[in-house]
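Note: the block below is input25.cif and it holds mmCIF, C-alpha atoms.
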data_start
loop_
_atom_site.group_PDB
_atom_site.id
_atom_site.type_symbol
_atom_site.label_atom_id
_atom_site.label_comp_id
_atom_site.auth_asym_id
_atom_site.auth_seq_id
_atom_site.Cartn_x
_atom_site.Cartn_y
_atom_site.Cartn_z
ATOM 1 C CA MET L 1 89.077 139.727 69.797
ATOM 2 C CA ARG L 2 92.783 139.964 70.602
ATOM 3 C CA ALA L 3 94.101 137.078 72.642
ATOM 4 C CA ALA L 4 97.478 136.701 74.352
ATOM 5 C CA VAL L 5 98.589 133.157 75.192
ATOM 6 C CA VAL L 6 101.128 133.116 78.030
ATOM 7 C CA VAL L 7 103.864 130.533 77.534
ATOM 8 C CA PHE L 8 105.908 129.096 80.410
ATOM 9 C CA PRO L 9 108.772 126.607 80.311
ATOM 10 C CA GLY L 10 106.851 123.333 80.104
ATOM 11 C CA SER L 11 103.637 124.682 78.568
ATOM 12 C CA ASN L 12 102.641 122.334 75.771
ATOM 13 C CA ARG L 13 99.059 123.184 74.799
ATOM 14 C CA ASP L 14 99.698 126.799 73.792
ATOM 15 C CA GLY L 15 99.719 125.883 70.100
ATOM 16 C CA ASP L 16 96.390 124.047 70.310
ATOM 17 C CA VAL L 17 94.572 126.808 72.143
ATOM 18 C CA ALA L 18 96.033 129.418 69.775
ATOM 19 C CA ARG L 19 94.784 127.359 66.843
ATOM 20 C CA ALA L 20 91.287 127.009 68.370
ATOM 21 C CA LEU L 21 91.085 130.765 68.999
ATOM 22 C CA THR L 22 92.327 131.607 65.504
ATOM 23 C CA ARG L 23 89.774 129.242 64.037
ATOM 24 C CA SER L 24 87.024 131.172 65.848
ATOM 25 C CA GLY L 25 88.337 134.464 64.441
ATOM 26 C CA ALA L 26 90.580 135.810 67.211
ATOM 27 C CA ASP L 27 93.964 137.462 66.643
ATOM 28 C CA VAL L 28 96.408 135.503 68.769
ATOM 29 C CA VAL L 29 99.884 136.362 70.004
ATOM 30 C CA LYS L 30 102.088 134.383 72.375
ATOM 31 C CA VAL L 31 103.637 136.067 75.389
ATOM 32 C CA TRP L 32 106.722 134.673 77.134
ATOM 33 C CA HIS L 33 106.362 134.315 80.916
ATOM 34 C CA ALA L 34 109.112 136.834 81.664
ATOM 35 C CA GLU L 35 107.194 139.669 79.978
ATOM 36 C CA THR L 36 105.868 142.238 82.417
ATOM 37 C CA GLU L 37 103.031 143.487 80.240
ATOM 38 C CA LEU L 38 100.479 142.008 77.895
ATOM 39 C CA PRO L 39 100.371 143.483 74.367
ATOM 40 C CA ALA L 40 98.295 146.674 74.156
ATOM 41 C CA GLY L 41 94.693 145.963 73.247
ATOM 42 C CA THR L 42 94.625 142.440 74.701
ATOM 43 C CA ASP L 43 91.016 141.379 75.357
ATOM 44 C CA LEU L 44 91.708 137.836 76.518
ATOM 45 C CA ALA L 45 94.702 136.384 78.352
ATOM 46 C CA VAL L 46 95.030 132.614 78.066
ATOM 47 C CA VAL L 47 97.030 130.409 80.424
ATOM 48 C CA PRO L 48 97.416 127.140 78.524
ATOM 49 C CA GLY L 49 97.810 123.546 79.603
ATOM 50 C CA GLY L 50 101.037 121.642 80.032
ATOM 51 C CA PHE L 51 103.506 120.999 82.808
ATOM 52 C CA SER L 52 104.919 124.424 83.634
ATOM 53 C CA TYR L 53 108.216 124.123 85.508
ATOM 54 C CA GLY L 54 107.795 120.359 85.496
ATOM 55 C CA ASP L 55 105.058 120.644 88.144
ATOM 56 C CA TYR L 56 107.858 121.331 90.652
ATOM 57 C CA LEU L 57 106.747 122.278 94.186
ATOM 58 C CA ARG L 58 103.025 122.086 93.317
ATOM 59 C CA CYS L 59 101.286 122.151 89.939
ATOM 60 C CA GLY L 60 101.169 125.772 88.798
ATOM 61 C CA ALA L 61 102.915 127.127 91.914
ATOM 62 C CA ILE L 62 105.990 128.570 90.225
ATOM 63 C CA ALA L 63 104.214 129.754 87.070
ATOM 64 C CA GLY L 64 101.589 131.417 89.265
ATOM 65 C CA ARG L 65 104.281 133.800 90.528
ATOM 66 C CA ALA L 66 105.870 134.584 87.140
ATOM 67 C CA ALA L 67 106.169 138.182 85.942
ATOM 68 C CA ALA L 68 103.597 137.662 83.199
ATOM 69 C CA MET L 69 101.068 136.590 85.821
ATOM 70 C CA ASP L 70 101.325 140.025 87.461
ATOM 71 C CA ALA L 71 100.298 141.407 84.068
ATOM 72 C CA VAL L 72 97.461 138.853 83.860
ATOM 73 C CA ARG L 73 96.268 139.816 87.365
ATOM 74 C CA ALA L 74 96.306 143.513 86.399
ATOM 75 C CA HIS L 75 94.404 142.664 83.199
ATOM 76 C CA ALA L 76 91.782 140.752 85.216
ATOM 77 C CA ALA L 77 91.499 143.593 87.745
ATOM 78 C CA ARG L 78 90.665 145.930 84.830
ATOM 79 C CA GLY L 79 87.865 143.537 83.860
ATOM 80 C CA GLY L 80 89.854 141.823 81.093
ATOM 81 C CA LEU L 81 89.029 138.221 80.206
ATOM 82 C CA VAL L 82 91.255 135.386 81.431
ATOM 83 C CA LEU L 83 90.982 131.714 80.464
ATOM 84 C CA GLY L 84 93.031 128.984 82.151
ATOM 85 C CA ILE L 85 92.877 125.420 80.886
ATOM 86 C CA CYS L 86 94.225 122.378 82.777
ATOM 87 C CA ASN L 87 97.654 123.480 84.070
ATOM 88 C CA GLY L 88 96.326 126.974 83.336
ATOM 89 C CA PHE L 89 93.505 126.384 85.840
ATOM 90 C CA GLN L 90 96.050 125.188 88.401
ATOM 91 C CA ILE L 91 98.112 128.326 87.732
ATOM 92 C CA LEU L 92 95.073 130.614 88.133
ATOM 93 C CA CYS L 93 94.295 129.004 91.507
ATOM 94 C CA GLU L 94 97.924 129.316 92.616
ATOM 95 C CA SER L 95 98.080 132.937 91.469
ATOM 96 C CA GLY L 96 95.034 133.882 93.527
ATOM 97 C CA LEU L 97 92.828 134.700 90.527
ATOM 98 C CA LEU L 98 90.500 131.823 91.373
ATOM 99 C CA PRO L 99 89.727 130.228 94.746
ATOM 100 C CA GLY L 100 90.530 126.657 95.729
ATOM 101 C CA VAL L 101 93.182 124.206 94.610
ATOM 102 C CA LEU L 102 93.554 121.226 92.263
ATOM 103 C CA MET L 103 94.692 118.209 94.264
ATOM 104 C CA ARG L 104 96.028 114.818 93.163
ATOM 105 C CA ASN L 105 93.290 112.763 91.463
ATOM 106 C CA VAL L 106 91.475 110.704 94.053
ATOM 107 C CA GLN L 107 92.348 107.383 92.398
ATOM 108 C CA ARG L 108 96.007 108.509 92.110
ATOM 109 C CA ARG L 109 96.239 107.943 88.375
ATOM 110 C CA PHE L 110 96.787 110.321 85.501
ATOM 111 C CA ILE L 111 93.520 110.296 83.584
ATOM 112 C CA CYS L 112 93.316 110.871 79.855
ATOM 113 C CA HIS L 113 89.994 110.238 78.165
ATOM 114 C CA ARG L 114 86.919 111.763 76.562
ATOM 115 C CA GLN L 115 84.693 113.412 79.107
ATOM 116 C CA PHE L 116 81.144 114.730 79.162
ATOM 117 C CA LEU L 117 80.583 118.085 80.813
ATOM 118 C CA ARG L 118 77.367 119.817 81.772
ATOM 119 C CA VAL L 119 77.310 123.521 80.937
ATOM 120 C CA GLU L 120 76.087 125.197 84.148
ATOM 121 C CA GLN L 121 76.115 128.849 83.103
ATOM 122 C CA THR L 122 75.641 130.453 79.711
ATOM 123 C CA ASP L 123 75.267 134.139 80.548
ATOM 124 C CA THR L 124 79.042 134.654 80.403
ATOM 125 C CA ARG L 125 81.572 135.738 77.785
ATOM 126 C CA PHE L 126 82.901 132.182 77.694
ATOM 127 C CA ALA L 127 79.803 130.050 77.238
ATOM 128 C CA SER L 128 77.126 132.085 75.457
ATOM 129 C CA ALA L 129 77.247 129.765 72.436
ATOM 130 C CA TYR L 130 76.083 126.826 74.579
ATOM 131 C CA ARG L 131 72.638 126.072 76.003
ATOM 132 C CA LYS L 132 72.189 125.925 79.768
ATOM 133 C CA GLY L 133 72.379 122.289 80.845
ATOM 134 C CA GLN L 134 73.875 121.238 77.495
ATOM 135 C CA VAL L 135 76.093 118.165 77.670
ATOM 136 C CA ILE L 136 79.322 118.602 75.734
ATOM 137 C CA ASP L 137 81.869 115.978 74.806
ATOM 138 C CA VAL L 138 85.477 117.100 75.336
ATOM 139 C CA CYS L 139 88.678 115.576 76.765
ATOM 140 C CA VAL L 140 90.528 115.506 80.058
ATOM 141 C CA ALA L 141 94.220 114.778 80.608
ATOM 142 C CA HIS L 142 95.588 115.418 84.082
ATOM 143 C CA GLY L 143 96.993 113.911 87.259
ATOM 144 C CA GLU L 144 95.952 116.752 89.565
ATOM 145 C CA GLY L 145 92.420 117.807 88.723
ATOM 146 C CA ASN L 146 90.653 117.084 91.966
ATOM 147 C CA TYR L 147 89.029 120.427 92.786
ATOM 148 C CA PHE L 148 89.076 121.282 96.478
ATOM 149 C CA ALA L 149 87.987 124.382 98.380
ATOM 150 C CA ASP L 150 86.957 124.950 101.981
ATOM 151 C CA ALA L 151 83.248 124.670 102.798
ATOM 152 C CA ASP L 152 82.652 128.437 102.857
ATOM 153 C CA THR L 153 84.303 128.968 99.482
ATOM 154 C CA LEU L 154 82.392 126.079 97.969
ATOM 155 C CA ALA L 155 79.090 127.402 99.313
ATOM 156 C CA ARG L 156 79.905 130.812 97.848
ATOM 157 C CA LEU L 157 80.774 129.390 94.425
ATOM 158 C CA GLU L 158 77.533 127.442 94.357
ATOM 159 C CA GLY L 159 75.424 130.266 95.788
ATOM 160 C CA GLU L 160 76.758 132.784 93.293
ATOM 161 C CA GLY L 161 76.354 130.463 90.314
ATOM 162 C CA ARG L 162 80.075 130.422 89.620
ATOM 163 C CA VAL L 163 80.442 126.751 88.710
ATOM 164 C CA ALA L 164 81.020 126.828 84.948
ATOM 165 C CA PHE L 165 81.085 123.116 84.087
ATOM 166 C CA ARG L 166 80.559 119.823 85.908
ATOM 167 C CA TYR L 167 81.696 116.297 85.044
ATOM 168 C CA CYS L 168 78.660 114.244 84.065
ATOM 169 C CA ASP L 169 77.576 111.198 82.069
ATOM 170 C CA ALA L 170 76.170 111.286 78.525
ATOM 171 C CA ALA L 171 72.708 112.111 79.879
ATOM 172 C CA GLY L 172 73.991 115.027 81.964
ATOM 173 C CA THR L 173 73.674 113.192 85.282
ATOM 174 C CA LEU L 174 76.341 113.796 87.907
ATOM 175 C CA THR L 175 77.695 110.407 88.908
ATOM 176 C CA GLU L 176 80.707 109.220 90.841
ATOM 177 C CA ASP L 177 81.923 107.374 87.743
ATOM 178 C CA ALA L 178 81.827 110.545 85.668
ATOM 179 C CA ASN L 179 83.738 112.474 88.335
ATOM 180 C CA ARG L 180 86.886 110.389 88.080
ATOM 181 C CA ASN L 181 89.309 112.828 89.664
ATOM 182 C CA GLY L 182 87.122 113.193 92.769
ATOM 183 C CA SER L 183 86.381 116.928 92.479
ATOM 184 C CA LEU L 184 84.026 118.408 95.063
ATOM 185 C CA ASN L 185 80.520 118.767 93.600
ATOM 186 C CA SER L 186 81.856 117.356 90.285
ATOM 187 C CA ILE L 187 83.378 120.754 89.547
ATOM 188 C CA ALA L 188 85.257 120.889 86.239
ATOM 189 C CA GLY L 189 85.518 124.666 85.929
ATOM 190 C CA ILE L 190 84.746 127.847 87.854
ATOM 191 C CA TYR L 191 84.341 131.573 87.264
ATOM 192 C CA SER L 192 85.738 134.486 89.243
ATOM 193 C CA GLU L 193 83.364 136.741 91.123
ATOM 194 C CA GLN L 194 83.059 139.113 88.140
ATOM 195 C CA ARG L 195 82.835 136.164 85.706
ATOM 196 C CA ASN L 196 85.707 137.512 83.642
ATOM 197 C CA VAL L 197 88.072 134.713 84.687
ATOM 198 C CA LEU L 198 87.378 131.064 83.838
ATOM 199 C CA GLY L 199 89.505 128.116 84.919
ATOM 200 C CA MET L 200 88.713 124.582 83.765
ATOM 201 C CA MET L 201 90.500 121.225 83.818
ATOM 202 C CA PRO L 202 89.063 119.750 80.564
ATOM 203 C CA HIS L 203 90.479 120.661 77.167
ATOM 204 C CA PRO L 204 87.911 122.308 74.872
ATOM 205 C CA GLU L 205 90.771 123.123 72.464
ATOM 206 C CA ASN L 206 91.151 119.410 71.690
ATOM 207 C CA PHE L 207 87.751 119.258 70.069
ATOM 208 C CA VAL L 208 87.353 122.053 67.556
ATOM 209 C CA ASP L 209 87.929 120.051 64.386
ATOM 210 C CA ASP L 210 85.981 117.086 62.924
ATOM 211 C CA LEU L 211 89.310 115.588 61.938
ATOM 212 C CA VAL L 212 90.065 114.621 65.550
ATOM 213 C CA GLY L 213 86.635 113.292 66.457
ATOM 214 C CA GLY L 214 84.659 116.127 67.980
ATOM 215 C CA THR L 215 83.769 119.802 67.783
ATOM 216 C CA ASP L 216 82.005 120.449 71.104
ATOM 217 C CA GLY L 217 84.884 122.612 72.277
ATOM 218 C CA ARG L 218 84.229 125.196 69.562
ATOM 219 C CA GLY L 219 81.390 126.811 71.516
ATOM 220 C CA LEU L 220 83.794 128.206 74.086
ATOM 221 C CA PHE L 221 86.092 129.838 71.535
ATOM 222 C CA ASP L 222 83.156 130.995 69.401
ATOM 223 C CA SER L 223 81.593 132.588 72.508
ATOM 224 C CA LEU L 224 84.825 134.441 73.247
ATOM 225 C CA ALA L 225 85.401 135.596 69.677
ATOM 226 C CA ALA L 226 81.770 136.607 69.095
ATOM 227 C CA MET E 8 121.584 130.557 109.823
ATOM 228 C CA LYS E 9 120.157 127.281 108.696
ATOM 229 C CA ALA E 10 116.451 126.700 108.687
ATOM 230 C CA ARG E 11 114.038 123.886 107.982
ATOM 231 C CA ILE E 12 110.499 124.364 106.766
ATOM 232 C CA VAL E 13 108.063 121.476 106.973
ATOM 233 C CA VAL E 14 104.897 121.647 104.885
ATOM 234 C CA THR E 15 102.087 119.220 105.658
ATOM 235 C CA LEU E 16 98.535 118.758 104.450
ATOM 236 C CA LYS E 17 95.847 120.131 106.712
ATOM 237 C CA SER E 18 93.786 117.523 108.495
ATOM 238 C CA GLY E 19 90.655 116.640 106.598
ATOM 239 C CA VAL E 20 92.337 117.138 103.208
ATOM 240 C CA LEU E 21 92.461 113.886 101.301
ATOM 241 C CA ASP E 22 96.000 112.618 100.650
ATOM 242 C CA PRO E 23 95.917 109.934 97.953
ATOM 243 C CA GLN E 24 99.728 109.661 98.008
ATOM 244 C CA GLY E 25 99.729 109.027 101.747
ATOM 245 C CA LYS E 26 97.128 106.327 101.256
ATOM 246 C CA ALA E 27 99.178 104.657 98.522
ATOM 247 C CA ILE E 28 102.298 104.772 100.703
ATOM 248 C CA GLU E 29 100.389 103.272 103.613
ATOM 249 C CA ALA E 30 99.143 100.456 101.379
ATOM 250 C CA ALA E 31 102.716 99.863 100.170
ATOM 251 C CA LEU E 32 103.995 99.704 103.740
ATOM 252 C CA LYS E 33 101.335 97.138 104.575
ATOM 253 C CA SER E 34 102.307 95.116 101.522
ATOM 254 C CA LEU E 35 105.818 94.960 103.061
ATOM 255 C CA SER E 36 104.271 93.494 106.226
ATOM 256 C CA ILE E 37 104.767 96.775 108.089
ATOM 257 C CA ASP E 38 101.308 96.486 109.525
ATOM 258 C CA ASP E 39 101.349 98.650 112.616
ATOM 259 C CA VAL E 40 101.137 101.949 110.750
ATOM 260 C CA SER E 41 98.128 104.050 109.964
ATOM 261 C CA GLY E 42 97.221 107.597 109.040
ATOM 262 C CA VAL E 43 100.206 108.096 106.695
ATOM 263 C CA ARG E 44 100.361 111.659 105.338
ATOM 264 C CA GLN E 45 103.011 112.846 102.923
ATOM 265 C CA GLY E 46 104.575 116.285 103.294
ATOM 266 C CA LYS E 47 107.571 118.276 102.126
ATOM 267 C CA VAL E 48 110.756 119.443 103.813
ATOM 268 C CA PHE E 49 112.771 122.470 102.665
ATOM 269 C CA ASP E 50 116.247 122.997 104.088
ATOM 270 C CA LEU E 51 117.676 126.406 103.424
ATOM 271 C CA GLU E 52 120.205 128.956 104.561
ATOM 272 C CA ILE E 53 119.249 132.451 105.493
ATOM 273 C CA ALA E 54 121.634 135.418 105.451
ATOM 274 C CA SER E 55 120.078 137.259 108.395
ATOM 275 C CA GLU E 56 121.722 136.987 111.819
ATOM 276 C CA ASN E 57 118.636 138.364 113.501
ATOM 277 C CA ARG E 58 116.317 135.567 114.515
ATOM 278 C CA GLU E 59 113.120 137.606 114.425
ATOM 279 C CA GLN E 60 113.937 138.986 111.009
ATOM 280 C CA ALA E 61 114.770 135.490 109.766
ATOM 281 C CA GLU E 62 111.456 134.184 111.033
ATOM 282 C CA ALA E 63 109.592 136.981 109.261
ATOM 283 C CA THR E 64 111.453 136.242 106.022
ATOM 284 C CA LEU E 65 110.725 132.525 106.251
ATOM 285 C CA LYS E 66 107.076 133.150 107.056
ATOM 286 C CA ALA E 67 106.821 135.304 103.926
ATOM 287 C CA ALA E 68 108.504 132.513 101.928
ATOM 288 C CA CYS E 69 105.914 130.026 103.182
ATOM 289 C CA GLU E 70 102.925 132.274 102.637
ATOM 290 C CA LYS E 71 104.010 133.451 99.191
ATOM 291 C CA LEU E 72 105.327 130.247 97.692
ATOM 292 C CA LEU E 73 106.343 127.215 99.717
ATOM 293 C CA ALA E 74 102.909 126.333 101.120
ATOM 294 C CA ASN E 75 99.467 126.594 99.586
ATOM 295 C CA THR E 76 97.629 127.640 102.713
ATOM 296 C CA VAL E 77 94.289 126.524 101.273
ATOM 297 C CA VAL E 78 95.306 122.941 101.952
ATOM 298 C CA GLU E 79 98.694 123.033 103.667
ATOM 299 C CA ASN E 80 100.164 124.017 107.044
ATOM 300 C CA TYR E 81 103.815 124.876 107.607
ATOM 301 C CA THR E 82 106.240 124.959 110.491
ATOM 302 C CA ILE E 83 109.534 126.858 110.613
ATOM 303 C CA GLU E 84 112.562 125.638 112.568
ATOM 304 C CA ILE E 85 115.639 127.816 112.799
ATOM 305 C CA ALA E 86 118.802 126.004 113.854
#

Please go through the file and, once you have read it, give me the structure as structure tokens.
Amino acid sequence: MRAAVVVFPGSNRDGDVARALTRSGADVVKVWHAETELPAGTDLAVVPGGFSYGDYLRCGAIAGRAAAMDAVRAHAARGGLVLGICNGFQILCESGLLPGVLMRNVQRRFICHRQFLRVEQTDTRFASAYRKGQVIDVCVAHGEGNYFADADTLARLEGEGRVAFRYCDAAGTLTEDANRNGSLNSIAGIYSEQRNVLGMMPHPENFVDDLVGGTDGRGLFDSLAA
Amino acid sequence: MKARIVVTLKSGVLDPQGKAIEAALKSLSIDDVSGVRQGKVFDLEIASENREQAEATLKAACEKLLANTVVENYTIEIA
């Protein structure tokens, strides 16, 4: 598995995701946003979390139009894997690789806490190491994570089984309390039509090492590197 | 030519910032306001002297970057 992590001005989780991928056995290189091509042989392009361009205009709006994102779009069109986490998810939505938009959290506060997620799909390159319906314990840290899409898009995502993860409580129940940013249908992550692109607000890369209190994020990187 | 682009949230899209601003206005005893929605204004200059061409350019700017048409509308005013 060869992974390319795209770095924008203001990205700050590129190191963590690179470390998580390396730990699972991937070869990782970083790619500056001005590059027009991904390194030859790239299997997975990663758009990491952070505050690209200071969240100017809209979160992910400027990064979504960077030169490297043209290369990521071409990679995805060839069937290549793309993972966007947090600001990376916002960038994938802004770049047109995923439908919908991440709006300001409904309660207007930046949220930063541990979060349970229910794994909705496991027959993908991203989640095969999990069990369907498994509840995983990861982290969220964002001010704009409130997933919104029009009714038709939402119905399509649900109908095609493209919701990857949902916010839930420890028992796997979808509650209003567990869905603190107000996302429609408690959506925490979605797949593209071909399931080769995944965008998610939570940070699986935070929890790959016992040292920091959890390892439930490993499954995602192990799935990818398998 | 000078132009102004106004980007607003589509109706039905939740605007937590607008709600917070409305609550703040009410806390200042400005009570007769409701339905506050926050938007963005872009003032810019455009090289073209042809109005139609300028409109096409500005429309492209809105569609490609300035507005996220999933949740936002835009209007273009050319001075």

Quick one: which chain L residues come within 9 Å of chain E, and what is the nearest atom pair for each with the distance in Å to one decimal, counting only C-alpha atoms, rows ordered by chain and ascending number, as a Markdown table?
| residue | atom | partner | partner_atom | distance |
| --- | --- | --- | --- | --- |
| L:Leu57 | CA | E:Leu73 | CA | 7.4 |
| L:Arg58 | CA | E:Asn75 | CA | 8.5 |
| L:Ala61 | CA | E:Leu72 | CA | 7.0 |
| L:Ile62 | CA | E:Leu72 | CA | 7.7 |
| L:Arg65 | CA | E:Leu72 | CA | 8.1 |
| L:Glu94 | CA | E:Asn75 | CA | 7.6 |
| L:Pro99 | CA | E:Val77 | CA | 8.8 |
| L:Gly100 | CA | E:Val77 | CA | 6.7 |
| L:Val101 | CA | E:Val77 | CA | 7.1 |
| L:Met103 | CA | E:Leu21 | CA | 8.6 |
| L:Arg104 | CA | E:Pro23 | CA | 6.8 |
| L:Asn105 | CA | E:Pro23 | CA | 7.6 |
| L:Val106 | CA | E:Pro23 | CA | 6.0 |
| L:Gln107 | CA | E:Pro23 | CA | 7.1 |
| L:Arg108 | CA | E:Pro23 | CA | 6.0 |
| L:Phe148 | CA | E:Val78 | CA | 8.5 |
| L:Ala149 | CA | E:Val77 | CA | 7.3 |
| L:Asp150 | CA | E:Val77 | CA | 7.5 |

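Proximity ranking of E:Lys66, E:Lys9, E:Lys17, E:Lys33 relative to E:Ile53 places E:Lys9 first, based on all atoms listed in the file.
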
Name the residues captured by the PyMOL selection byres ((chain L and resi 38) around 10) when it is applied to the shown file; answer as a PDB file with C-alpha atoms, in the coordinates of the input.
ATOM      1  CA  ALA L   3      94.101 137.078  72.642  1.00  0.00           C
ATOM      2  CA  ALA L   4      97.478 136.701  74.352  1.00  0.00           C
ATOM      3  CA  VAL L   5      98.589 133.157  75.192  1.00  0.00           C
ATOM      4  CA  VAL L   6     101.128 133.116  78.030  1.00  0.00           C
ATOM      5  CA  VAL L  29      99.884 136.362  70.004  1.00  0.00           C
ATOM      6  CA  LYS L  30     102.088 134.383  72.375  1.00  0.00           C
ATOM      7  CA  VAL L  31     103.637 136.067  75.389  1.00  0.00           C
ATOM      8  CA  TRP L  32     106.722 134.673  77.134  1.00  0.00           C
ATOM      9  CA  GLU L  35     107.194 139.669  79.978  1.00  0.00           C
ATOM     10  CA  THR L  36     105.868 142.238  82.417  1.00  0.00           C
ATOM     11  CA  GLU L  37     103.031 143.487  80.240  1.00  0.00           C
ATOM     12  CA  PRO L  39     100.371 143.483  74.367  1.00  0.00           C
ATOM     13  CA  ALA L  40      98.295 146.674  74.156  1.00  0.00           C
ATOM     14  CA  GLY L  41      94.693 145.963  73.247  1.00  0.00           C
ATOM     15  CA  THR L  42      94.625 142.440  74.701  1.00  0.00           C
ATOM     16  CA  ASP L  43      91.016 141.379  75.357  1.00  0.00           C
ATOM     17  CA  LEU L  44      91.708 137.836  76.518  1.00  0.00           C
ATOM     18  CA  ALA L  45      94.702 136.384  78.352  1.00  0.00           C
ATOM     19  CA  ALA L  68     103.597 137.662  83.199  1.00  0.00           C
ATOM     20  CA  MET L  69     101.068 136.590  85.821  1.00  0.00           C
ATOM     21  CA  ASP L  70     101.325 140.025  87.461  1.00  0.00           C
ATOM     22  CA  ALA L  71     100.298 141.407  84.068  1.00  0.00           C
ATOM     23  CA  VAL L  72      97.461 138.853  83.860  1.00  0.00           C
ATOM     24  CA  ALA L  74      96.306 143.513  86.399  1.00  0.00           C
ATOM     25  CA  HIS L  75      94.404 142.664  83.199  1.00  0.00           C
TER      26      HIS L  75
END

Run through the PyMOL selection byres ((chain L and resi 124) around 12) on the given coordinates and return the selected residues as number ranges by chain.
L: 81, 119-123, 125-132, 161-164, 190-198, 220, 223-224, 226

Using all atoms listed in the file, determine which residues lie at most 10 Å from L:Val208, disregarding the query and same-chain residues fewer than 5 positions distant; provide the list as a list of chain:residue names.
L:Asp16, L:Val17, L:Arg19, L:Ala20, L:Leu21, L:Arg23, L:Ser24, L:Val138, L:Gly213, L:Gly214, L:Thr215, L:Asp216, L:Gly217, L:Arg218, L:Gly219, L:Leu220, L:Phe221

Calculate how many Å separate atom CA of L:Gly143 from atom CA of E:Tyr81, rounding to one decimal.
24.1 Å

Take atom CA of E:Ile37 and atom CA of E:Glu79 and report the distance between them in Å, one decimal.
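Answer for the atom CA of E:Ile37 to atom CA of E:Glu79 separation: 27.3 Å.
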
Record the distance separating atom CA of L:Gly189 and atom CA of E:Cys69, expressed in Å with one decimal.
27.2 Å

Contacts of L:Glu176 at 10 Å or less, counting all atoms listed in the file, minus same-chain residues fewer than 5 places along, as a count of residues only?
8

Residues within 12 Å of stretch 55-62 of chain E, all atoms listed in the file, excluding chain neighbours under 6 positions, as a list of chain:residue names
E:Met8, E:Lys9, E:Ala10, E:Arg11, E:Ile12, E:Ala68, E:Cys69, E:Thr82, E:Ile83, E:Glu84, E:Ile85, E:Ala86

Might I get the box with edges along x, y and z of the file that holds all atoms of stretch 50-59 of chain E listed there, padded by 6 Å on every side, given as centre and edge lengths in Å to one decimal, as JSON?
{"center_x": 117.4, "center_y": 130.7, "center_z": 109.0, "size_x": 20.6, "size_y": 27.4, "size_z": 23.1}

Around (78.3, 119.1, 84.2), as given in the file, which residues come within 8 Å? Count all atoms listed in the file and list them as a list in words.
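Residues with an atom at most 8 Å from (78.3, 119.1, 84.2): Phe116, Leu117, Arg118, Val119, Glu120, Gly133, Val135, Phe165, Arg166, Tyr167, Cys168, Gly172, Thr173, Leu174, Ser186, Ile187 and Ala188 of chain L.
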
Rank nothing, just name the residue among L:Met1, L:Val82, L:Ala77, L:Cys93 nearest to L:Gly64, using only C-alpha atoms.
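Smallest separation from L:Gly64 among the options: L:Cys93.
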
Using all atoms listed in the file, which of E:Thr64, E:Asn80, E:Ala31, E:Gly25 sits nearest E:Arg44?
E:Gly25

Need the neighbours of (99.8, 104.8, 108.0): which residues are at most 8 Å away, counting all atoms listed in the file, as an mmCIF file with C-alpha atoms, in the coordinates of the input?
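Dumped to point_8.cif:
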data_model
loop_
_atom_site.group_PDB
_atom_site.id
_atom_site.type_symbol
_atom_site.label_atom_id
_atom_site.label_comp_id
_atom_site.auth_asym_id
_atom_site.auth_seq_id
_atom_site.Cartn_x
_atom_site.Cartn_y
_atom_site.Cartn_z
ATOM 1 C CA GLY E 25 99.729 109.027 101.747
ATOM 2 C CA LYS E 26 97.128 106.327 101.256
ATOM 3 C CA ILE E 28 102.298 104.772 100.703
ATOM 4 C CA GLU E 29 100.389 103.272 103.613
ATOM 5 C CA ALA E 30 99.143 100.456 101.379
ATOM 6 C CA LEU E 32 103.995 99.704 103.740
ATOM 7 C CA ASP E 39 101.349 98.650 112.616
ATOM 8 C CA VAL E 40 101.137 101.949 110.750
ATOM 9 C CA SER E 41 98.128 104.050 109.964
ATOM 10 C CA GLY E 42 97.221 107.597 109.040
ATOM 11 C CA VAL E 43 100.206 108.096 106.695
ATOM 12 C CA ARG E 44 100.361 111.659 105.338
#

Nearby residues (only C-alpha atoms) at most 12 Å from L:Asp55, same-chain spacing under 6 positions excluded, as a list in words
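Final neighbour list, sorted by chain and number: Phe8, Pro9, Gly10, Ser11, Gly49, Ala61, Ile62, Ala63, Gly64, Asn87, Gly88, Gln90, Ile91, Arg104, His142, Gly143 and Glu144 of chain L.
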
Could stretch 51-57 of chain L be completed with N, CA and C atoms and written as a PDB file, in the coordinates of the input, please?
ATOM      1  N   PHE L  51     102.861 121.366  81.544  1.00  0.00           N
ATOM      2  CA  PHE L  51     103.506 120.999  82.808  1.00  0.00           C
ATOM      3  C   PHE L  51     104.524 122.087  83.144  1.00  0.00           C
ATOM      4  N   SER L  52     104.015 123.306  83.395  1.00  0.00           N
ATOM      5  CA  SER L  52     104.919 124.424  83.634  1.00  0.00           C
ATOM      6  C   SER L  52     105.882 124.087  84.761  1.00  0.00           C
ATOM      7  N   TYR L  53     107.146 124.383  84.523  1.00  0.00           N
ATOM      8  CA  TYR L  53     108.216 124.123  85.508  1.00  0.00           C
ATOM      9  C   TYR L  53     108.183 122.677  86.005  1.00  0.00           C
ATOM     10  N   GLY L  54     107.777 121.771  85.138  1.00  0.00           N
ATOM     11  CA  GLY L  54     107.795 120.359  85.496  1.00  0.00           C
ATOM     12  C   GLY L  54     106.919 120.011  86.688  1.00  0.00           C
ATOM     13  N   ASP L  55     105.913 120.863  86.968  1.00  0.00           N
ATOM     14  CA  ASP L  55     105.058 120.644  88.144  1.00  0.00           C
ATOM     15  C   ASP L  55     105.853 120.656  89.450  1.00  0.00           C
ATOM     16  N   TYR L  56     107.048 121.267  89.432  1.00  0.00           N
ATOM     17  CA  TYR L  56     107.858 121.331  90.652  1.00  0.00           C
ATOM     18  C   TYR L  56     107.096 122.077  91.756  1.00  0.00           C
ATOM     19  N   LEU L  57     107.356 121.719  92.969  1.00  0.00           N
ATOM     20  CA  LEU L  57     106.747 122.278  94.186  1.00  0.00           C
ATOM     21  C   LEU L  57     105.274 121.894  94.285  1.00  0.00           C
TER      22      LEU L  57
END
